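Raw contents of start-v2.tsv, TSV, C-alpha atoms:
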```
chain	number	residue	atom	x	y	z
L	1	MET	CA	14.98	-143.33	20.29
L	2	ALA	CA	13.41	-146.43	21.73
L	3	LEU	CA	14.14	-150.11	22.06
L	4	GLU	CA	11.20	-152.46	22.53
L	5	ILE	CA	11.94	-156.03	23.62
L	6	THR	CA	9.59	-158.99	23.88
L	7	ASP	CA	10.30	-162.71	24.25
L	8	THR	CA	10.60	-163.15	20.50
L	9	GLN	CA	11.33	-159.76	18.93
L	10	MET	CA	13.29	-156.54	19.40
L	11	THR	CA	12.62	-153.31	17.57
L	12	ALA	CA	14.80	-150.19	17.53
L	13	THR	CA	13.05	-146.98	16.53
L	14	VAL	CA	14.13	-143.41	15.91
L	15	ASN	CA	11.47	-140.70	15.84
L	16	GLY	CA	8.81	-143.40	15.86
L	17	ASN	CA	10.20	-145.14	12.77
L	18	PRO	CA	11.57	-148.70	13.03
L	19	ILE	CA	15.21	-148.80	11.92
L	20	ALA	CA	16.16	-152.37	12.89
L	21	THR	CA	14.54	-155.53	14.20
L	22	ALA	CA	15.78	-158.77	15.70
L	23	THR	CA	13.78	-161.99	15.82
L	24	ARG	CA	14.42	-164.99	18.05
L	25	LYS	CA	14.72	-168.36	16.34
L	26	GLY	CA	15.37	-171.07	18.90
L	27	GLN	CA	18.27	-169.93	21.06
L	28	THR	CA	19.64	-167.35	18.60
L	29	TRP	CA	18.56	-163.93	17.44
L	30	HIS	CA	18.67	-162.67	13.85
L	31	ALA	CA	18.98	-158.89	13.46
L	32	THR	CA	18.27	-156.96	10.28
L	33	SER	CA	21.28	-154.79	11.10
L	34	TRP	CA	23.81	-157.60	11.66
L	35	PRO	CA	24.75	-160.49	9.31
L	36	ALA	CA	25.43	-163.26	11.87
L	37	PRO	CA	23.21	-164.99	14.46
L	38	LEU	CA	23.44	-163.39	17.91
L	39	THR	CA	22.86	-164.17	21.55
L	40	TYR	CA	20.19	-162.23	23.43
L	41	ASN	CA	22.73	-159.74	24.80
L	42	GLN	CA	24.42	-159.36	21.43
L	43	ALA	CA	21.04	-158.65	19.82
L	44	ILE	CA	20.45	-155.85	22.32
L	45	THR	CA	23.88	-154.47	21.43
L	46	ALA	CA	23.04	-154.69	17.71
L	47	MET	CA	19.80	-152.78	18.26
L	48	THR	CA	21.59	-150.15	20.34
L	49	LEU	CA	24.27	-149.89	17.66
L	50	ALA	CA	21.63	-149.36	14.96
L	51	GLU	CA	20.08	-146.54	17.00
L	52	ARG	CA	23.46	-144.93	17.66
L	53	GLU	CA	24.50	-145.07	14.01
L	54	ALA	CA	21.16	-143.61	12.92
L	55	THR	CA	21.53	-140.66	15.28
L	56	HIS	CA	25.31	-140.11	15.46
L	57	GLY	CA	26.70	-141.69	12.28
L	58	PRO	CA	28.79	-144.82	11.71
L	59	ASN	CA	32.05	-143.17	12.84
L	60	ASP	CA	30.77	-142.38	16.33
L	61	PRO	CA	33.28	-143.75	18.91
L	62	PHE	CA	30.59	-145.75	20.72
L	63	ALA	CA	29.29	-147.21	17.44
L	64	LEU	CA	32.82	-148.23	16.44
L	65	THR	CA	33.40	-149.96	19.79
L	66	TRP	CA	30.07	-151.81	19.75
L	67	ARG	CA	30.63	-152.92	16.14
L	68	GLU	CA	34.05	-154.34	17.09
L	69	GLU	CA	32.55	-156.06	20.15
L	70	LEU	CA	29.90	-157.77	18.02
L	71	ALA	CA	32.43	-158.77	15.37
L	72	ASP	CA	34.63	-160.42	18.00
L	73	GLY	CA	31.49	-162.20	19.23
```
Would you mind writing the structure in this file as structure tokens?
Amino acid sequence: MALEITDTQMTATVNGNPIATATRKGQTWHATSWPAPLTYNQAITAMTLAEREATHGPNDPFALTWREELADG
């Protein structure tokens, strides 16, 4: 698992394969794994959530908490 972050893009990978990306557009981030625009910190959470779900499943307690946190935005 890895999370690579630059000024304009984030990429979450599992076993060397990209599973989600987020791209900065102005002041917001747009993640392939989340339907709504995000802040920088929310985009990191979305990438972490994508990694966690890929490795532990969508019902993992941490994944459930992070998903709720992002939804409450």
Which residue of L:Asp72, L:Glu51, L:Asp7, L:Asp60 approaches L:Arg24 most closely, using all atoms listed in the file: L:Asp7
Among listed residues L:Thr23, L:Gly16, L:Pro61, L:Arg52, nearest L:Tyr40 (using only C-alpha atoms):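 Selected residue with least distance to L:Tyr40: L:Thr23.
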My list of candidates is L:Thr21, L:Gly57, L:Gln42, L:Leu49. Which is closest to L:Leu70 when distances are computed with all atoms listed in the file? L:Gln42
In Å, rounded to a single decimal, give me how far atom CA of L:Trp29 is from atom CA of L:Met10.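 Atom CA of L:Trp29 lies at a distance of 9.3 Å from atom CA of L:Met10.
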Pick the closest to L:Ile44 from L:Thr65, L:Asn15, L:Gln9, L:Gln27: which is it, counting only C-alpha atoms?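 With only C-alpha atoms as the atom set, the closest residue is L:Gln9.
Nearest-residue note for L:Leu3: choosing from L:Leu38, L:Ala63, L:Ala71, L:Ala50, the minimum distance belongs to L:Ala50, counting only C-alpha atoms.
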Give the answer as one residue: which of L:Thr6, L:Asn17, L:Thr55, L:Thr11 has the shortest atom-to-atom distance to L:Thr32, using only C-alpha atoms? L:Thr11
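The space separating atom CA of L:Thr8 from atom CA of L:Ala46 comes to 15.3 Å.
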Can you tell me, as a PyMOL selection string, what residues are no more than 9 Å from L:Val14 when counting all atoms listed in the file, ignoring any on the same chain fewer than 4 positions away? chain L and resi 1-2+18-19+51+54-55
Would you work out the distance separating atom CA of L:Asn41 from atom CA of L:His56, expressed in Å to one decimal?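 Separation between atom CA of L:Asn41 and atom CA of L:His56: 21.9 Å.
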How about completing stretch 7-28 of chain L with N, CA, C and O atoms and giving it to me as a JSON list (two decimals), in the frame of the given file?
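Written out: out-v6.json:
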```
[["chain", "number", "residue", "atom", "x", "y", "z"],
["L", 7, "ASP", "N", 9.66, -161.39, 24.20],
["L", 7, "ASP", "CA", 10.30, -162.71, 24.25],
["L", 7, "ASP", "C", 10.82, -163.17, 22.90],
["L", 7, "ASP", "O", 11.73, -163.99, 22.83],
["L", 8, "THR", "N", 10.25, -162.66, 21.82],
["L", 8, "THR", "CA", 10.60, -163.15, 20.50],
["L", 8, "THR", "C", 11.05, -162.08, 19.51],
["L", 8, "THR", "O", 11.45, -162.41, 18.40],
["L", 9, "GLN", "N", 10.98, -160.81, 19.89],
["L", 9, "GLN", "CA", 11.33, -159.76, 18.93],
["L", 9, "GLN", "C", 11.87, -158.52, 19.64],
["L", 9, "GLN", "O", 11.47, -158.20, 20.76],
["L", 10, "MET", "N", 12.77, -157.83, 18.96],
["L", 10, "MET", "CA", 13.29, -156.54, 19.40],
["L", 10, "MET", "C", 13.12, -155.56, 18.25],
["L", 10, "MET", "O", 13.31, -155.94, 17.09],
["L", 11, "THR", "N", 12.77, -154.34, 18.58],
["L", 11, "THR", "CA", 12.62, -153.31, 17.57],
["L", 11, "THR", "C", 13.28, -152.03, 18.06],
["L", 11, "THR", "O", 12.98, -151.56, 19.16],
["L", 12, "ALA", "N", 14.18, -151.48, 17.25],
["L", 12, "ALA", "CA", 14.80, -150.19, 17.53],
["L", 12, "ALA", "C", 14.12, -149.15, 16.67],
["L", 12, "ALA", "O", 13.94, -149.36, 15.46],
["L", 13, "THR", "N", 13.72, -148.05, 17.28],
["L", 13, "THR", "CA", 13.05, -146.98, 16.53],
["L", 13, "THR", "C", 13.74, -145.65, 16.80],
["L", 13, "THR", "O", 14.30, -145.42, 17.86],
["L", 14, "VAL", "N", 13.67, -144.78, 15.79],
["L", 14, "VAL", "CA", 14.13, -143.41, 15.91],
["L", 14, "VAL", "C", 13.01, -142.53, 15.39],
["L", 14, "VAL", "O", 12.53, -142.74, 14.27],
["L", 15, "ASN", "N", 12.58, -141.58, 16.19],
["L", 15, "ASN", "CA", 11.47, -140.70, 15.84],
["L", 15, "ASN", "C", 10.22, -141.47, 15.43],
["L", 15, "ASN", "O", 9.52, -141.11, 14.50],
["L", 16, "GLY", "N", 9.99, -142.59, 16.12],
["L", 16, "GLY", "CA", 8.81, -143.40, 15.86],
["L", 16, "GLY", "C", 8.90, -144.33, 14.66],
["L", 16, "GLY", "O", 7.96, -145.07, 14.38],
["L", 17, "ASN", "N", 10.02, -144.29, 13.95],
["L", 17, "ASN", "CA", 10.20, -145.14, 12.77],
["L", 17, "ASN", "C", 11.12, -146.31, 13.08],
["L", 17, "ASN", "O", 12.24, -146.10, 13.58],
["L", 18, "PRO", "N", 10.69, -147.54, 12.80],
["L", 18, "PRO", "CA", 11.57, -148.70, 13.03],
["L", 18, "PRO", "C", 12.80, -148.61, 12.13],
["L", 18, "PRO", "O", 12.68, -148.35, 10.93],
["L", 19, "ILE", "N", 13.99, -148.82, 12.71],
["L", 19, "ILE", "CA", 15.21, -148.80, 11.92],
["L", 19, "ILE", "C", 15.89, -150.15, 11.89],
["L", 19, "ILE", "O", 16.72, -150.40, 11.02],
["L", 20, "ALA", "N", 15.57, -151.03, 12.86],
["L", 20, "ALA", "CA", 16.16, -152.37, 12.89],
["L", 20, "ALA", "C", 15.27, -153.27, 13.75],
["L", 20, "ALA", "O", 14.63, -152.80, 14.69],
["L", 21, "THR", "N", 15.26, -154.55, 13.40],
["L", 21, "THR", "CA", 14.54, -155.53, 14.20],
["L", 21, "THR", "C", 15.42, -156.75, 14.40],
["L", 21, "THR", "O", 16.34, -157.01, 13.63],
["L", 22, "ALA", "N", 15.12, -157.48, 15.45],
["L", 22, "ALA", "CA", 15.78, -158.77, 15.70],
["L", 22, "ALA", "C", 14.68, -159.75, 16.10],
["L", 22, "ALA", "O", 13.78, -159.42, 16.86],
["L", 23, "THR", "N", 14.77, -160.95, 15.56],
["L", 23, "THR", "CA", 13.78, -161.99, 15.82],
["L", 23, "THR", "C", 14.47, -163.22, 16.40],
["L", 23, "THR", "O", 15.52, -163.63, 15.89],
["L", 24, "ARG", "N", 13.86, -163.79, 17.44],
["L", 24, "ARG", "CA", 14.42, -164.99, 18.05],
["L", 24, "ARG", "C", 14.00, -166.21, 17.27],
["L", 24, "ARG", "O", 12.83, -166.38, 16.92],
["L", 25, "LYS", "N", 14.98, -167.07, 16.98],
["L", 25, "LYS", "CA", 14.72, -168.36, 16.34],
["L", 25, "LYS", "C", 15.46, -169.40, 17.15],
["L", 25, "LYS", "O", 16.68, -169.50, 17.06],
["L", 26, "GLY", "N", 14.74, -170.12, 17.98],
["L", 26, "GLY", "CA", 15.37, -171.07, 18.90],
["L", 26, "GLY", "C", 16.15, -170.31, 19.96],
["L", 26, "GLY", "O", 15.60, -169.44, 20.63],
["L", 27, "GLN", "N", 17.43, -170.59, 20.07],
["L", 27, "GLN", "CA", 18.27, -169.93, 21.06],
["L", 27, "GLN", "C", 19.04, -168.73, 20.49],
["L", 27, "GLN", "O", 19.78, -168.07, 21.22],
["L", 28, "THR", "N", 18.90, -168.46, 19.19],
["L", 28, "THR", "CA", 19.64, -167.35, 18.60],
["L", 28, "THR", "C", 18.70, -166.25, 18.13],
["L", 28, "THR", "O", 17.50, -166.46, 17.96]]
```
